[in-house]
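Report on the structure given below.
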Amino acid sequence: MAKGHRSQIKRERNANKDTRPSAKLSYARVSVTKACFVLDAIRGKSVTEALGILTYNPRYASSLVKKLVESAKANAENNNGMNGADLYIAECYANKGPTMKRVKPRAQGRAYRIEKRMSHITVVLDER
């Protein structure tokens, strides 16, 4: 159990908050595995290089991640006053979201389950 007044506990929790610019896409209709192929290609790269990779990547998830990187870049420039040319992708990851369960009718009255997976994709930038 934490000691101290409630406001003091909140102050300490907020002091440890990550101040790096980031963007998060929740409930993206793409599975974590497929999103990670795209995220692995841009991890650690500069923002301009990552946007170039994402523009010509044929995967569906690349269009989602491209929007996310552009949003994180805009957050860095407008909210944190950072220079867009110095930014690089410090972290990018996809977490598992809820799964929509659907039923596909099959032969002889059977029903197969189809799982439509979702993910929560996060991109965190930092300055070099």
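Naming works like this for the structure tokens: A, B, ... for the chains as they're shown, residue 1 at the start of each chain, ligands 1 onward in shown order.
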
Return as JSON lines the residues of segment 69-121 of chain A lying at most 12 Å from segment 10-20 of chain A, together with the closest atom-to-atom pair for each and the distance in Å to one decimal, counting only C-alpha atoms, with rows in chain order and ascending residue number.
{"residue": "A:Ala72", "atom": "CA", "partner": "A:Arg20", "partner_atom": "CA", "distance": 9.7}
{"residue": "A:Lys73", "atom": "CA", "partner": "A:Arg20", "partner_atom": "CA", "distance": 10.9}
{"residue": "A:Asn75", "atom": "CA", "partner": "A:Arg20", "partner_atom": "CA", "distance": 9.7}
{"residue": "A:Ala76", "atom": "CA", "partner": "A:Arg20", "partner_atom": "CA", "distance": 7.9}
{"residue": "A:Glu77", "atom": "CA", "partner": "A:Arg20", "partner_atom": "CA", "distance": 11.5}
{"residue": "A:Asn79", "atom": "CA", "partner": "A:Arg20", "partner_atom": "CA", "distance": 10.4}
{"residue": "A:Asn80", "atom": "CA", "partner": "A:Arg20", "partner_atom": "CA", "distance": 8.3}
{"residue": "A:Gly81", "atom": "CA", "partner": "A:Arg20", "partner_atom": "CA", "distance": 11.4}
{"residue": "A:Met82", "atom": "CA", "partner": "A:Arg20", "partner_atom": "CA", "distance": 10.2}
{"residue": "A:Leu87", "atom": "CA", "partner": "A:Arg20", "partner_atom": "CA", "distance": 10.7}
{"residue": "A:Tyr88", "atom": "CA", "partner": "A:Arg20", "partner_atom": "CA", "distance": 11.2}
{"residue": "A:Ile89", "atom": "CA", "partner": "A:Arg20", "partner_atom": "CA", "distance": 10.6}
{"residue": "A:Ala90", "atom": "CA", "partner": "A:Arg20", "partner_atom": "CA", "distance": 9.2}
{"residue": "A:Glu91", "atom": "CA", "partner": "A:Arg20", "partner_atom": "CA", "distance": 10.2}

(request) Identify, with DSSP run on backbone atoms, the residues in segment 42-98 of chain A assigned to strand (DSSP E or B), and express the list as a VMD selection string. (result) chain A and resid 46 87 to 98

Hey, could you make a per-residue contact list for segment 11-37 of chain A against segment 93-105 of chain A with 8 Å as the cut-off, showing the nearest pair of atoms and its distance in Å to one decimal, counting only C-alpha atoms, sorted by chain and number, as a tab-separated table?
residue	atom	partner	partner_atom	distance
A:Ser26	CA	A:Gly97	CA	7.9
A:Tyr27	CA	A:Gly97	CA	6.2
A:Ser31	CA	A:Lys96	CA	7.7
A:Val32	CA	A:Ala94	CA	5.8
A:Ala35	CA	A:Ala94	CA	6.7
A:Cys36	CA	A:Ala94	CA	6.6

(message) I need the residue nearest Ala28 of chain A from this list: A:Leu125, A:Ala85, A:Leu64, A:Val47. Use only C-alpha atoms for the distance.
(response) A:Leu64

Taking the chain letters and numbering used in this document, name the residues of segment 51-83 of chain A that DSSP puts in helix (DSSP H, G or I), as a PDB file with C-alpha atoms, in the first residue's frame.
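Done, and the output landed in out35.pdb:
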ATOM      1  CA  LEU A  51       8.019   7.884 -43.999  1.00  0.00           C
ATOM      2  CA  GLY A  52       9.831   6.993 -47.228  1.00  0.00           C
ATOM      3  CA  ILE A  53       9.817   3.299 -46.311  1.00  0.00           C
ATOM      4  CA  LEU A  54       6.139   3.386 -45.332  1.00  0.00           C
ATOM      5  CA  THR A  55       5.094   5.191 -48.518  1.00  0.00           C
ATOM      6  CA  TYR A  60      -2.034  -2.600 -45.448  1.00  0.00           C
ATOM      7  CA  ALA A  61      -0.602  -1.779 -42.012  1.00  0.00           C
ATOM      8  CA  SER A  62       1.963   0.591 -43.556  1.00  0.00           C
ATOM      9  CA  SER A  63      -0.737   3.140 -44.431  1.00  0.00           C
ATOM     10  CA  LEU A  64      -1.955   3.108 -40.811  1.00  0.00           C
ATOM     11  CA  VAL A  65       1.556   3.413 -39.386  1.00  0.00           C
ATOM     12  CA  LYS A  66       2.429   6.212 -41.843  1.00  0.00           C
ATOM     13  CA  LYS A  67      -0.478   8.306 -40.550  1.00  0.00           C
ATOM     14  CA  LEU A  68       0.630   7.532 -37.007  1.00  0.00           C
ATOM     15  CA  VAL A  69       4.231   8.643 -37.626  1.00  0.00           C
ATOM     16  CA  GLU A  70       3.022  11.871 -39.263  1.00  0.00           C
ATOM     17  CA  SER A  71       0.774  12.519 -36.259  1.00  0.00           C
ATOM     18  CA  ALA A  72       3.612  11.904 -33.788  1.00  0.00           C
ATOM     19  CA  LYS A  73       5.866  14.235 -35.808  1.00  0.00           C
ATOM     20  CA  ALA A  74       3.195  16.970 -35.719  1.00  0.00           C
ATOM     21  CA  ASN A  75       2.819  16.450 -31.956  1.00  0.00           C
ATOM     22  CA  ALA A  76       6.588  16.851 -31.519  1.00  0.00           C
ATOM     23  CA  GLU A  77       6.731  20.061 -33.549  1.00  0.00           C
ATOM     24  CA  ASN A  78       3.588  21.744 -32.198  1.00  0.00           C
ATOM     25  CA  ASN A  79       3.422  20.582 -28.576  1.00  0.00           C
TER      26      ASN A  79
END

(request) For atom CA of Ile42 of chain A and atom CA of Arg117 of chain A, quote the distance in Å rounded to one decimal. (result)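 Computing the Euclidean distance for atom CA of Ile42 of chain A and atom CA of Arg117 of chain A yields 22.6 Å.
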
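Distance check against Pro21 of chain A using only C-alpha atoms: of A:Gly4, A:Thr122, A:Lys34, A:Thr48, the minimum falls on A:Thr122.
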